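*Asks:* This is the structure I want to talk about, given as structure tokens.
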Amino acid sequence: MWSLAPWQGRFLPHPLPPGERLRAYASWCNAVEGNTTFYAIPARSTVESWARQAPEDFRLVAKLPRTITHEHRLGASGHDDLRTFLDVMEPLGARAHALWVQLPGAFGPGDLGALAGFLRGLPGTYAYAVEVRHRAFFEDPRAAARLEQVLGAVGAEWVPFDTTALFRSPPTSDAERDAWAKKPRLPRRTAALTGRPIVRYLGRDDTARTVEGWQVWVETVAGWLREGRSPTVFVHTPDNAEAPPLARRFHDEVRARVPGLEPLPEPVPAEPPTLF
């Protein structure tokens, strides 16, 4: 996300070489979704560059490659890619806050045995978080309980992707129409299984509607913090053009309820200072 074109020159200095973009982003937000790793395993040198740029307490939640989760469906035929991916991620150290197992919508309750075996075979070096998109996990209490049992056995988190604000009313832009066609339409889930819950929230083009839709998460996250948990929240909109200031606004709203929460760093200026 730190290379997203609409952010360059507005929130992040531009031009910046690739080896400096994450450093600038990390002055805005202290976590990022590693979504590109879903499409291709990066070179180890690229991950080493991420580690050099990000502070030690930065949180990168890296998605497992789709060859593992979607093509091989967590089966043994994807183990070579898994070994390569785990080796490549090693330079991040603690910055790899969790490895994110996003499963396809067809991966349902009948596949939980495969998920259980896959999670048991993962090294204890990392924390793991699983995102499911099959409706049964959200509508059938027995399926949800079985999934929680599988995750609880290895200390993995269940990642909710809250799109309820997006689908509350018809889309009003090309970006919203595209999100309507591609994003999962599932009930909101606000339960945490571990001390490090992860939330993905998708709002609207309209900032007011995005803020209105995240109020349940402000209260939920504040409650988690009071319980001693350490949540990570990712704020999206259909085009993500305003995501960095929105993420900081969310953080401020939570901090107003939990004053002990550390403030985010001061962003680096997008433009160099002038004399006048």
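Quick note on naming: the chains in the structure tokens go A, B, ... in the order shown, residues restart at 1 in each chain, and ligands are numbered from 1 in order of appearance.
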Neighbours of Lys63 of chain A within 8 Å (only C-alpha atoms; same-chain residues fewer than 4 positions away dropped), as JSON, numbers by chain?
*Replies:* {"A": [33, 34, 35, 36, 37, 38, 99, 100, 101, 102]}
*Asks:* May I have the selected residues written with N, CA, C and O atoms, as a short mmCIF file (atom, residue, chain, number, x, y, z; two decimals), in the first residue's frame?
*Replies:*
data_model
loop_
_atom_site.label_atom_id
_atom_site.label_comp_id
_atom_site.auth_asym_id
_atom_site.auth_seq_id
_atom_site.Cartn_x
_atom_site.Cartn_y
_atom_site.Cartn_z
N GLU A 33 -1.00 -4.01 5.85
CA GLU A 33 -1.34 -5.32 5.30
C GLU A 33 -0.34 -5.65 4.19
O GLU A 33 -0.16 -4.87 3.25
N GLY A 34 0.28 -6.82 4.28
CA GLY A 34 1.16 -7.27 3.22
C GLY A 34 0.38 -8.05 2.19
O GLY A 34 0.45 -9.29 2.13
N ASN A 35 -0.40 -7.35 1.38
CA ASN A 35 -1.30 -8.00 0.44
C ASN A 35 -0.57 -8.49 -0.82
O ASN A 35 -1.00 -9.46 -1.45
N THR A 36 0.53 -7.84 -1.19
CA THR A 36 1.21 -8.22 -2.43
C THR A 36 1.80 -9.62 -2.36
O THR A 36 2.00 -10.27 -3.38
N THR A 37 2.09 -10.10 -1.14
CA THR A 37 2.66 -11.44 -1.01
C THR A 37 1.66 -12.52 -1.39
O THR A 37 2.04 -13.67 -1.60
N PHE A 38 0.38 -12.16 -1.50
CA PHE A 38 -0.64 -13.11 -1.95
C PHE A 38 -0.42 -13.45 -3.43
O PHE A 38 -0.66 -14.58 -3.86
N LEU A 99 1.23 -13.92 10.24
CA LEU A 99 1.06 -14.40 8.88
C LEU A 99 -0.43 -14.68 8.68
O LEU A 99 -1.06 -15.33 9.51
N TRP A 100 -0.94 -14.17 7.58
CA TRP A 100 -2.38 -14.06 7.35
C TRP A 100 -2.79 -15.11 6.33
O TRP A 100 -2.34 -15.10 5.19
N VAL A 101 -3.65 -16.02 6.76
CA VAL A 101 -4.14 -17.10 5.91
C VAL A 101 -5.54 -16.71 5.45
O VAL A 101 -6.53 -16.91 6.16
N GLN A 102 -5.63 -16.12 4.25
CA GLN A 102 -6.93 -15.76 3.70
C GLN A 102 -7.43 -16.91 2.84
O GLN A 102 -6.78 -17.30 1.88
#
*Asks:* Residues within 10 Å of Ala40 of chain A, please, as a ChimeraX atom specification. Count only C-alpha atoms; anything in the same chain fewer than 4 positions from it doesn't count.
*Replies:* /A:35-36,64-67,85
*Asks:* Could those selected residues go to a file with N, CA and C atoms, as an mmCIF file, in the first residue's frame?
*Replies:*
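Final file, again07.cif:
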data_model
loop_
_atom_site.group_PDB
_atom_site.id
_atom_site.type_symbol
_atom_site.label_atom_id
_atom_site.label_comp_id
_atom_site.auth_asym_id
_atom_site.auth_seq_id
_atom_site.Cartn_x
_atom_site.Cartn_y
_atom_site.Cartn_z
ATOM 1 N N ASN A 35 -0.398 -7.350 1.383
ATOM 2 C CA ASN A 35 -1.297 -8.004 0.435
ATOM 3 C C ASN A 35 -0.571 -8.492 -0.817
ATOM 4 N N THR A 36 0.527 -7.844 -1.188
ATOM 5 C CA THR A 36 1.211 -8.219 -2.430
ATOM 6 C C THR A 36 1.804 -9.619 -2.356
ATOM 7 N N LEU A 64 -0.340 -15.104 3.137
ATOM 8 C CA LEU A 64 0.266 -16.261 2.485
ATOM 9 C C LEU A 64 -0.053 -16.247 0.993
ATOM 10 N N PRO A 65 0.864 -16.724 0.156
ATOM 11 C CA PRO A 65 0.618 -16.740 -1.287
ATOM 12 C C PRO A 65 -0.615 -17.559 -1.653
ATOM 13 N N ARG A 66 -1.287 -17.136 -2.712
ATOM 14 C CA ARG A 66 -2.512 -17.814 -3.145
ATOM 15 C C ARG A 66 -2.249 -19.222 -3.651
ATOM 16 N N THR A 67 -1.001 -19.486 -4.072
ATOM 17 C CA THR A 67 -0.698 -20.859 -4.485
ATOM 18 C C THR A 67 -0.918 -21.824 -3.330
ATOM 19 N N PHE A 85 8.294 -19.213 1.261
ATOM 20 C CA PHE A 85 7.692 -18.006 1.838
ATOM 21 C C PHE A 85 8.189 -17.772 3.264
#
*Asks:* Which residues come within 7 Å of segment 105-121 of chain A, counting only C-alpha atoms, excluding same-chain residues fewer than 3 positions away, as a ChimeraX atom specification?
*Replies:* /A:74,132-134,143,147,150,154
*Asks:* How would the residues just chosen look if you wrote them out with all heavy atoms as a tab-separated table (two decimals), in the first residue's frame?
*Replies:*
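What landed in part.tsv:
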chain	number	residue	atom	x	y	z
A	74	LEU	N	-4.20	-25.51	0.98
A	74	LEU	CA	-3.48	-25.89	2.19
A	74	LEU	C	-2.94	-27.32	2.15
A	74	LEU	O	-2.49	-27.84	3.17
A	74	LEU	CB	-4.35	-25.71	3.44
A	74	LEU	CG	-5.02	-24.35	3.63
A	74	LEU	CD1	-5.78	-24.32	4.95
A	74	LEU	CD2	-4.01	-23.22	3.58
A	132	VAL	N	-11.77	-16.23	6.92
A	132	VAL	CA	-12.66	-17.11	6.18
A	132	VAL	C	-13.77	-16.28	5.54
A	132	VAL	O	-14.13	-15.22	6.04
A	132	VAL	CB	-13.27	-18.21	7.08
A	132	VAL	CG1	-12.19	-19.18	7.54
A	132	VAL	CG2	-13.97	-17.59	8.28
A	133	ARG	N	-14.31	-16.80	4.42
A	133	ARG	CA	-15.34	-16.06	3.70
A	133	ARG	C	-16.56	-16.93	3.37
A	133	ARG	O	-17.42	-16.50	2.61
A	133	ARG	CB	-14.74	-15.46	2.42
A	133	ARG	CG	-13.66	-14.44	2.72
A	133	ARG	CD	-13.17	-13.72	1.49
A	133	ARG	NE	-12.30	-12.60	1.84
A	133	ARG	CZ	-11.86	-11.69	0.97
A	133	ARG	NH1	-12.19	-11.80	-0.31
A	133	ARG	NH2	-11.08	-10.71	1.36
A	134	HIS	N	-16.63	-18.12	3.92
A	134	HIS	CA	-17.79	-18.98	3.72
A	134	HIS	C	-18.88	-18.56	4.69
A	134	HIS	O	-18.65	-18.44	5.90
A	134	HIS	CB	-17.41	-20.45	3.94
A	134	HIS	CG	-18.41	-21.42	3.42
A	134	HIS	ND1	-19.63	-21.63	4.02
A	134	HIS	CD2	-18.38	-22.26	2.34
A	134	HIS	CE1	-20.30	-22.55	3.35
A	134	HIS	NE2	-19.57	-22.94	2.32
A	143	ALA	N	-20.72	-24.36	13.07
A	143	ALA	CA	-19.55	-24.18	12.20
A	143	ALA	C	-18.59	-23.17	12.81
A	143	ALA	O	-17.36	-23.36	12.77
A	143	ALA	CB	-19.99	-23.74	10.80
A	147	LEU	N	-14.69	-23.86	14.00
A	147	LEU	CA	-13.57	-23.05	13.52
A	147	LEU	C	-12.81	-22.45	14.70
A	147	LEU	O	-11.57	-22.47	14.72
A	147	LEU	CB	-14.06	-21.94	12.59
A	147	LEU	CG	-13.01	-20.95	12.10
A	147	LEU	CD1	-11.86	-21.64	11.39
A	147	LEU	CD2	-13.64	-19.89	11.19
A	150	VAL	N	-10.56	-25.05	16.17
A	150	VAL	CA	-9.37	-25.29	15.34
A	150	VAL	C	-8.34	-24.17	15.56
A	150	VAL	O	-7.15	-24.43	15.75
A	150	VAL	CB	-9.76	-25.40	13.85
A	150	VAL	CG1	-8.52	-25.33	12.96
A	150	VAL	CG2	-10.52	-26.70	13.60
A	154	VAL	N	-4.17	-23.80	18.25
A	154	VAL	CA	-2.82	-23.35	17.90
A	154	VAL	C	-2.62	-21.87	18.22
A	154	VAL	O	-1.61	-21.28	17.81
A	154	VAL	CB	-2.54	-23.62	16.40
A	154	VAL	CG1	-2.51	-25.11	16.12
A	154	VAL	CG2	-3.57	-22.93	15.50
*Asks:* Please give the complete set of residues from segment 89-142 of chain A that DSSP, run on the backbone, assigns to strand (DSSP E), formatted as an MDAnalysis selection string.
*Replies:* chainID A and resid 96:102 128:131
*Asks:* Any idea what's packed within 10 Å of segment 186-194 of chain A, counting only C-alpha atoms, ignoring anything in its chain fewer than 4 positions away? Could you give it as a VMD selection string?
*Replies:* chain A and resid 129 133 to 139 148 to 149 151 to 152 155 to 165 167 198 to 199 201 216 to 217 220 to 221 224 229 to 231
*Asks:* Deliver the residues from the most recent selection as a file, using N, CA and C atoms, as a CSV table (one decimal), in the first residue's frame.
*Replies:*
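Below is the file selection-v4.csv, written as the result:
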chain,number,residue,atom,x,y,z
A,129,ALA,N,-3.1,-15.7,11.7
A,129,ALA,CA,-4.4,-15.2,11.6
A,129,ALA,C,-5.1,-15.7,10.4
A,133,ARG,N,-14.3,-16.8,4.4
A,133,ARG,CA,-15.3,-16.1,3.7
A,133,ARG,C,-16.6,-16.9,3.4
A,134,HIS,N,-16.6,-18.1,3.9
A,134,HIS,CA,-17.8,-19.0,3.7
A,134,HIS,C,-18.9,-18.6,4.7
A,135,ARG,N,-20.1,-18.4,4.2
A,135,ARG,CA,-21.2,-17.8,5.0
A,135,ARG,C,-21.5,-18.7,6.2
A,136,ALA,N,-21.3,-20.0,6.1
A,136,ALA,CA,-21.6,-20.9,7.2
A,136,ALA,C,-20.9,-20.5,8.5
A,137,PHE,N,-19.7,-20.1,8.4
A,137,PHE,CA,-19.0,-19.7,9.6
A,137,PHE,C,-19.6,-18.5,10.3
A,138,PHE,N,-20.4,-17.7,9.6
A,138,PHE,CA,-21.0,-16.5,10.2
A,138,PHE,C,-22.5,-16.8,10.6
A,139,GLU,N,-23.1,-17.8,10.0
A,139,GLU,CA,-24.5,-18.0,10.2
A,139,GLU,C,-24.8,-19.3,10.9
A,148,GLU,N,-13.5,-21.9,15.7
A,148,GLU,CA,-12.9,-21.4,16.9
A,148,GLU,C,-12.0,-22.4,17.6
A,149,GLN,N,-12.5,-23.6,17.6
A,149,GLN,CA,-11.8,-24.7,18.2
A,149,GLN,C,-10.5,-25.0,17.5
A,151,LEU,N,-8.8,-22.9,15.6
A,151,LEU,CA,-7.9,-21.8,15.7
A,151,LEU,C,-7.3,-21.8,17.2
A,152,GLY,N,-8.2,-22.0,18.1
A,152,GLY,CA,-7.8,-22.0,19.5
A,152,GLY,C,-6.7,-23.0,19.8
A,155,GLY,N,-3.6,-21.3,18.9
A,155,GLY,CA,-3.4,-19.8,19.3
A,155,GLY,C,-3.5,-18.9,18.1
A,156,ALA,N,-4.3,-19.3,17.1
A,156,ALA,CA,-4.4,-18.4,15.9
A,156,ALA,C,-5.7,-17.5,16.0
A,157,GLU,N,-5.7,-16.4,15.4
A,157,GLU,CA,-6.7,-15.4,15.4
A,157,GLU,C,-7.7,-15.6,14.2
A,158,TRP,N,-8.9,-15.2,14.4
A,158,TRP,CA,-9.9,-15.1,13.3
A,158,TRP,C,-10.0,-13.7,12.9
A,159,VAL,N,-9.7,-13.4,11.6
A,159,VAL,CA,-9.7,-12.0,11.2
A,159,VAL,C,-11.0,-11.6,10.5
A,160,PRO,N,-11.8,-10.7,11.1
A,160,PRO,CA,-13.0,-10.3,10.5
A,160,PRO,C,-12.7,-9.2,9.4
A,161,PHE,N,-13.5,-9.3,8.3
A,161,PHE,CA,-13.4,-8.3,7.3
A,161,PHE,C,-14.8,-7.7,7.2
A,162,ASP,N,-14.9,-6.5,7.8
A,162,ASP,CA,-16.2,-5.9,8.0
A,162,ASP,C,-16.5,-5.0,6.8
A,163,THR,N,-17.5,-5.4,6.0
A,163,THR,CA,-17.9,-4.7,4.8
A,163,THR,C,-19.3,-4.2,4.9
A,164,THR,N,-19.9,-4.2,6.1
A,164,THR,CA,-21.3,-3.9,6.3
A,164,THR,C,-21.6,-2.4,5.9
A,165,ALA,N,-20.6,-1.5,6.2
A,165,ALA,CA,-20.8,-0.1,5.8
A,165,ALA,C,-20.9,0.0,4.3
A,167,PHE,N,-22.0,-2.2,2.1
A,167,PHE,CA,-23.2,-2.8,1.5
A,167,PHE,C,-24.5,-2.3,2.2
A,198,ILE,N,-7.0,-8.9,15.0
A,198,ILE,CA,-6.8,-8.1,13.8
A,198,ILE,C,-8.1,-7.9,13.1
A,199,VAL,N,-8.4,-6.6,12.7
A,199,VAL,CA,-9.6,-6.2,12.1
A,199,VAL,C,-9.3,-5.6,10.8
A,201,TYR,N,-11.5,-3.3,8.1
A,201,TYR,CA,-12.7,-2.5,8.0
A,201,TYR,C,-12.7,-1.8,6.6
A,216,VAL,N,-18.7,1.1,15.9
A,216,VAL,CA,-18.8,-0.2,16.6
A,216,VAL,C,-17.4,-0.7,16.9
A,217,TRP,N,-16.5,-0.4,16.0
A,217,TRP,CA,-15.1,-0.9,16.1
A,217,TRP,C,-14.3,0.0,17.1
A,220,THR,N,-15.3,-1.4,20.4
A,220,THR,CA,-14.8,-2.8,20.5
A,220,THR,C,-13.3,-2.8,20.8
A,221,VAL,N,-12.6,-2.0,20.0
A,221,VAL,CA,-11.1,-1.9,20.1
A,221,VAL,C,-10.8,-1.3,21.5
A,224,TRP,N,-11.1,-3.9,24.0
A,224,TRP,CA,-9.9,-4.9,23.9
A,224,TRP,C,-8.7,-4.3,24.6
A,229,ARG,N,-5.5,-6.5,25.7
A,229,ARG,CA,-5.2,-7.0,24.3
A,229,ARG,C,-4.5,-5.9,23.5
A,230,SER,N,-3.8,-6.4,22.4
A,230,SER,CA,-3.1,-5.4,21.6
A,230,SER,C,-3.6,-5.6,20.1
A,231,PRO,N,-4.7,-4.9,19.8
A,231,PRO,CA,-5.3,-5.0,18.5
A,231,PRO,C,-4.6,-4.3,17.4
*Asks:* If we count only C-alpha atoms and set the cut-off at 10 Å, which residues sit around Ala94 of chain A, ignoring sequence neighbours fewer than 4 positions away in its own chain? Please answer as a list in words.
*Replies:*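 Residues near the query, excluding close chain neighbours: Ala51, Glu56, Asp57, Phe58, Arg59, Leu60, Glu90, Ala98, Thr125, Tyr126 and Ala127 of chain A.
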*Asks:* Keeping only C-alpha atoms, write the selected residues as a short mmCIF file (atom, residue, chain, number, x, y, z; two decimals), in the first residue's frame.
*Replies:*
data_model
loop_
_atom_site.label_atom_id
_atom_site.label_comp_id
_atom_site.auth_asym_id
_atom_site.auth_seq_id
_atom_site.Cartn_x
_atom_site.Cartn_y
_atom_site.Cartn_z
CA ALA A 51 13.09 -4.72 7.63
CA GLU A 56 11.22 -2.56 15.30
CA ASP A 57 7.68 -2.17 16.68
CA PHE A 58 6.12 -1.88 13.20
CA ARG A 59 3.47 -4.51 12.39
CA LEU A 60 3.41 -6.15 8.98
CA GLU A 90 12.60 -14.40 8.17
CA ALA A 98 1.20 -12.27 11.98
CA THR A 125 8.14 -18.66 15.07
CA TYR A 126 5.15 -16.63 13.93
CA ALA A 127 1.65 -15.76 15.06
#
*Asks:* Measure the distance from atom CA of Val32 of chain A to atom CA of Ala243 of chain A in Å and round it to one decimal.
*Replies:* 11.4 Å
*Asks:* Need the shell around Val268 of chain A: protein/DNA/RNA residues with any atom at most 12 Å away, counting only C-alpha atoms. Skip same-chain ones fewer than 5 positions apart. Format as a PDB file with all heavy atoms, in the first residue's frame?
*Replies:*
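Just written: around_38.pdb:
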ATOM      1  N   GLY A   9       3.130  12.336  -2.928  1.00  0.00           N
ATOM      2  CA  GLY A   9       3.091  13.791  -3.031  1.00  0.00           C
ATOM      3  C   GLY A   9       2.006  14.439  -2.196  1.00  0.00           C
ATOM      4  O   GLY A   9       2.002  15.665  -2.034  1.00  0.00           O
ATOM      5  N   ARG A  10       1.051  13.646  -1.680  1.00  0.00           N
ATOM      6  CA  ARG A  10       0.003  14.171  -0.787  1.00  0.00           C
ATOM      7  C   ARG A  10       0.313  13.798   0.655  1.00  0.00           C
ATOM      8  O   ARG A  10       0.371  14.659   1.527  1.00  0.00           O
ATOM      9  CB  ARG A  10      -1.370  13.613  -1.187  1.00  0.00           C
ATOM     10  CG  ARG A  10      -1.864  14.083  -2.541  1.00  0.00           C
ATOM     11  CD  ARG A  10      -3.247  13.521  -2.826  1.00  0.00           C
ATOM     12  NE  ARG A  10      -4.222  13.999  -1.842  1.00  0.00           N
ATOM     13  CZ  ARG A  10      -5.108  13.224  -1.224  1.00  0.00           C
ATOM     14  NH1 ARG A  10      -5.118  11.919  -1.465  1.00  0.00           N
ATOM     15  NH2 ARG A  10      -5.962  13.732  -0.363  1.00  0.00           N
ATOM     16  N   PHE A  11       0.478  12.512   0.893  1.00  0.00           N
ATOM     17  CA  PHE A  11       0.789  12.043   2.239  1.00  0.00           C
ATOM     18  C   PHE A  11       2.249  11.615   2.364  1.00  0.00           C
ATOM     19  O   PHE A  11       2.831  11.713   3.446  1.00  0.00           O
ATOM     20  CB  PHE A  11      -0.114  10.867   2.613  1.00  0.00           C
ATOM     21  CG  PHE A  11      -1.572  11.143   2.422  1.00  0.00           C
ATOM     22  CD1 PHE A  11      -2.381  10.286   1.692  1.00  0.00           C
ATOM     23  CD2 PHE A  11      -2.148  12.288   2.954  1.00  0.00           C
ATOM     24  CE1 PHE A  11      -3.718  10.548   1.511  1.00  0.00           C
ATOM     25  CE2 PHE A  11      -3.498  12.568   2.765  1.00  0.00           C
ATOM     26  CZ  PHE A  11      -4.280  11.691   2.046  1.00  0.00           C
ATOM     27  N   LEU A  12       2.818  11.154   1.271  1.00  0.00           N
ATOM     28  CA  LEU A  12       4.196  10.665   1.273  1.00  0.00           C
ATOM     29  C   LEU A  12       5.035  11.500   0.316  1.00  0.00           C
ATOM     30  O   LEU A  12       4.543  11.936  -0.731  1.00  0.00           O
ATOM     31  CB  LEU A  12       4.234   9.194   0.844  1.00  0.00           C
ATOM     32  CG  LEU A  12       3.306   8.243   1.591  1.00  0.00           C
ATOM     33  CD1 LEU A  12       3.440   6.829   1.039  1.00  0.00           C
ATOM     34  CD2 LEU A  12       3.607   8.259   3.085  1.00  0.00           C
ATOM     35  N   PRO A  13       6.299  11.755   0.657  1.00  0.00           N
ATOM     36  CA  PRO A  13       7.153  12.513  -0.263  1.00  0.00           C
ATOM     37  C   PRO A  13       7.240  11.822  -1.624  1.00  0.00           C
ATOM     38  O   PRO A  13       7.224  10.596  -1.725  1.00  0.00           O
ATOM     39  CB  PRO A  13       8.516  12.506   0.446  1.00  0.00           C
ATOM     40  CG  PRO A  13       8.199  12.270   1.883  1.00  0.00           C
ATOM     41  CD  PRO A  13       7.001  11.376   1.898  1.00  0.00           C
ATOM     42  N   HIS A  14       7.330  12.649  -2.655  1.00  0.00           N
ATOM     43  CA  HIS A  14       7.415  12.112  -4.021  1.00  0.00           C
ATOM     44  C   HIS A  14       8.318  13.011  -4.853  1.00  0.00           C
ATOM     45  O   HIS A  14       8.221  14.230  -4.774  1.00  0.00           O
ATOM     46  CB  HIS A  14       6.019  12.054  -4.646  1.00  0.00           C
ATOM     47  CG  HIS A  14       6.005  11.479  -6.028  1.00  0.00           C
ATOM     48  ND1 HIS A  14       6.160  10.133  -6.275  1.00  0.00           N
ATOM     49  CD2 HIS A  14       5.885  12.064  -7.240  1.00  0.00           C
ATOM     50  CE1 HIS A  14       6.106   9.913  -7.563  1.00  0.00           C
ATOM     51  NE2 HIS A  14       5.938  11.070  -8.178  1.00  0.00           N
ATOM     52  N   GLU A  20      12.745   3.573   0.143  1.00  0.00           N
ATOM     53  CA  GLU A  20      12.435   4.573   1.162  1.00  0.00           C
ATOM     54  C   GLU A  20      10.938   4.737   1.403  1.00  0.00           C
ATOM     55  O   GLU A  20      10.533   5.429   2.329  1.00  0.00           O
ATOM     56  CB  GLU A  20      13.019   5.932   0.747  1.00  0.00           C
ATOM     57  CG  GLU A  20      14.539   5.970   0.721  1.00  0.00           C
ATOM     58  CD  GLU A  20      15.134   5.765   2.110  1.00  0.00           C
ATOM     59  OE1 GLU A  20      14.513   6.201   3.096  1.00  0.00           O
ATOM     60  OE2 GLU A  20      16.215   5.153   2.204  1.00  0.00           O
ATOM     61  N   ARG A  21      10.100   4.101   0.584  1.00  0.00           N
ATOM     62  CA  ARG A  21       8.655   4.359   0.657  1.00  0.00           C
ATOM     63  C   ARG A  21       8.027   3.801   1.932  1.00  0.00           C
ATOM     64  O   ARG A  21       7.165   4.435   2.529  1.00  0.00           O
ATOM     65  CB  ARG A  21       7.972   3.786  -0.586  1.00  0.00           C
ATOM     66  CG  ARG A  21       8.358   4.523  -1.861  1.00  0.00           C
ATOM     67  CD  ARG A  21       7.836   3.843  -3.101  1.00  0.00           C
ATOM     68  NE  ARG A  21       8.331   4.499  -4.315  1.00  0.00           N
ATOM     69  CZ  ARG A  21       8.220   3.993  -5.534  1.00  0.00           C
ATOM     70  NH1 ARG A  21       7.637   2.805  -5.696  1.00  0.00           N
ATOM     71  NH2 ARG A  21       8.686   4.642  -6.572  1.00  0.00           N
ATOM     72  N   LEU A  22       8.427   2.613   2.339  1.00  0.00           N
ATOM     73  CA  LEU A  22       7.872   2.054   3.571  1.00  0.00           C
ATOM     74  C   LEU A  22       8.274   2.898   4.773  1.00  0.00           C
ATOM     75  O   LEU A  22       7.475   3.106   5.695  1.00  0.00           O
ATOM     76  CB  LEU A  22       8.325   0.604   3.747  1.00  0.00           C
ATOM     77  CG  LEU A  22       7.939  -0.063   5.077  1.00  0.00           C
ATOM     78  CD1 LEU A  22       6.437   0.004   5.311  1.00  0.00           C
ATOM     79  CD2 LEU A  22       8.427  -1.499   5.105  1.00  0.00           C
ATOM     80  N   ARG A  23       9.493   3.417   4.766  1.00  0.00           N
ATOM     81  CA  ARG A  23       9.941   4.260   5.879  1.00  0.00           C
ATOM     82  C   ARG A  23       9.027   5.482   6.027  1.00  0.00           C
ATOM     83  O   ARG A  23       8.644   5.862   7.143  1.00  0.00           O
ATOM     84  CB  ARG A  23      11.387   4.705   5.648  1.00  0.00           C
ATOM     85  CG  ARG A  23      12.030   5.346   6.866  1.00  0.00           C
ATOM     86  CD  ARG A  23      13.407   5.913   6.537  1.00  0.00           C
ATOM     87  NE  ARG A  23      14.241   5.025   5.751  1.00  0.00           N
ATOM     88  CZ  ARG A  23      14.952   4.029   6.255  1.00  0.00           C
ATOM     89  NH1 ARG A  23      14.933   3.792   7.557  1.00  0.00           N
ATOM     90  NH2 ARG A  23      15.686   3.264   5.466  1.00  0.00           N
ATOM     91  N   ALA A  24       8.657   6.089   4.904  1.00  0.00           N
ATOM     92  CA  ALA A  24       7.774   7.249   4.947  1.00  0.00           C
ATOM     93  C   ALA A  24       6.371   6.845   5.411  1.00  0.00           C
ATOM     94  O   ALA A  24       5.751   7.526   6.228  1.00  0.00           O
ATOM     95  CB  ALA A  24       7.711   7.908   3.577  1.00  0.00           C
ATOM     96  N   TYR A  25       5.877   5.730   4.897  1.00  0.00           N
ATOM     97  CA  TYR A  25       4.548   5.249   5.317  1.00  0.00           C
ATOM     98  C   TYR A  25       4.513   4.982   6.818  1.00  0.00           C
ATOM     99  O   TYR A  25       3.515   5.273   7.493  1.00  0.00           O
ATOM    100  CB  TYR A  25       4.190   3.980   4.542  1.00  0.00           C
ATOM    101  CG  TYR A  25       2.980   3.265   5.084  1.00  0.00           C
ATOM    102  CD1 TYR A  25       1.700   3.583   4.640  1.00  0.00           C
ATOM    103  CD2 TYR A  25       3.108   2.276   6.062  1.00  0.00           C
ATOM    104  CE1 TYR A  25       0.579   2.936   5.150  1.00  0.00           C
ATOM    105  CE2 TYR A  25       1.992   1.627   6.577  1.00  0.00           C
ATOM    106  CZ  TYR A  25       0.737   1.963   6.122  1.00  0.00           C
ATOM    107  OH  TYR A  25      -0.361   1.321   6.641  1.00  0.00           O
ATOM    108  N   ALA A  26       5.595   4.419   7.354  1.00  0.00           N
ATOM    109  CA  ALA A  26       5.634   4.054   8.776  1.00  0.00           C
ATOM    110  C   ALA A  26       5.584   5.271   9.689  1.00  0.00           C
ATOM    111  O   ALA A  26       5.382   5.122  10.894  1.00  0.00           O
ATOM    112  CB  ALA A  26       6.889   3.233   9.072  1.00  0.00           C
ATOM    113  N   SER A  27       5.746   6.480   9.135  1.00  0.00           N
ATOM    114  CA  SER A  27       5.561   7.679   9.943  1.00  0.00           C
ATOM    115  C   SER A  27       4.078   8.058  10.033  1.00  0.00           C
ATOM    116  O   SER A  27       3.695   8.863  10.886  1.00  0.00           O
ATOM    117  CB  SER A  27       6.368   8.849   9.372  1.00  0.00           C
ATOM    118  OG  SER A  27       5.782   9.357   8.186  1.00  0.00           O
ATOM    119  N   TRP A  28       3.259   7.501   9.154  1.00  0.00           N
ATOM    120  CA  TRP A  28       1.811   7.727   9.189  1.00  0.00           C
ATOM    121  C   TRP A  28       1.093   6.668  10.017  1.00  0.00           C
ATOM    122  O   TRP A  28       0.205   6.977  10.805  1.00  0.00           O
ATOM    123  CB  TRP A  28       1.244   7.701   7.763  1.00  0.00           C
ATOM    124  CG  TRP A  28       1.333   9.001   7.053  1.00  0.00           C
ATOM    125  CD1 TRP A  28       2.399   9.469   6.330  1.00  0.00           C
ATOM    126  CD2 TRP A  28       0.336  10.012   7.006  1.00  0.00           C
ATOM    127  NE1 TRP A  28       2.114  10.712   5.825  1.00  0.00           N
ATOM    128  CE2 TRP A  28       0.849  11.066   6.222  1.00  0.00           C
ATOM    129  CE3 TRP A  28      -0.946  10.132   7.524  1.00  0.00           C
ATOM    130  CZ2 TRP A  28       0.128  12.231   5.962  1.00  0.00           C
ATOM    131  CZ3 TRP A  28      -1.681  11.283   7.268  1.00  0.00           C
ATOM    132  CH2 TRP A  28      -1.138  12.312   6.501  1.00  0.00           C
ATOM    133  N   CYS A  29       1.449   5.404   9.782  1.00  0.00           N
ATOM    134  CA  CYS A  29       0.757   4.281  10.406  1.00  0.00           C
ATOM    135  C   CYS A  29       1.794   3.276  10.885  1.00  0.00           C
ATOM    136  O   CYS A  29       2.841   3.102  10.248  1.00  0.00           O
ATOM    137  CB  CYS A  29      -0.193   3.604   9.420  1.00  0.00           C
ATOM    138  SG  CYS A  29      -1.513   4.675   8.793  1.00  0.00           S
ATOM    139  N   PRO A 273      10.241  21.613   3.329  1.00  0.00           N
ATOM    140  CA  PRO A 273       9.874  22.930   3.874  1.00  0.00           C
ATOM    141  C   PRO A 273      10.426  24.040   2.990  1.00  0.00           C
ATOM    142  O   PRO A 273      11.437  23.883   2.302  1.00  0.00           O
ATOM    143  CB  PRO A 273      10.549  22.934   5.257  1.00  0.00           C
ATOM    144  CG  PRO A 273      11.667  21.925   5.144  1.00  0.00           C
ATOM    145  CD  PRO A 273      11.168  20.863   4.193  1.00  0.00           C
TER     146      PRO A 273
END
*Asks:* Which residues are close to segment 247-257 of chain A, i.e. within 7 Å by only C-alpha atoms, leaving aside same-chain residues fewer than 3 positions away? Reply as number ranges by chain.
*Replies:* A: 218, 222, 235, 243-244, 261
*Asks:* What does the file look like for those residues with C-alpha atoms, as a tab-separated table (two decimals), in the first residue's frame?
*Replies:*
chain	number	residue	atom	x	y	z
A	218	VAL	CA	-13.99	2.17	18.13
A	222	ALA	CA	-11.22	0.38	23.20
A	235	VAL	CA	-9.01	1.00	7.63
A	243	ALA	CA	-6.88	5.79	4.02
A	244	PRO	CA	-3.82	7.15	5.91
A	261	LEU	CA	-2.82	4.46	24.17
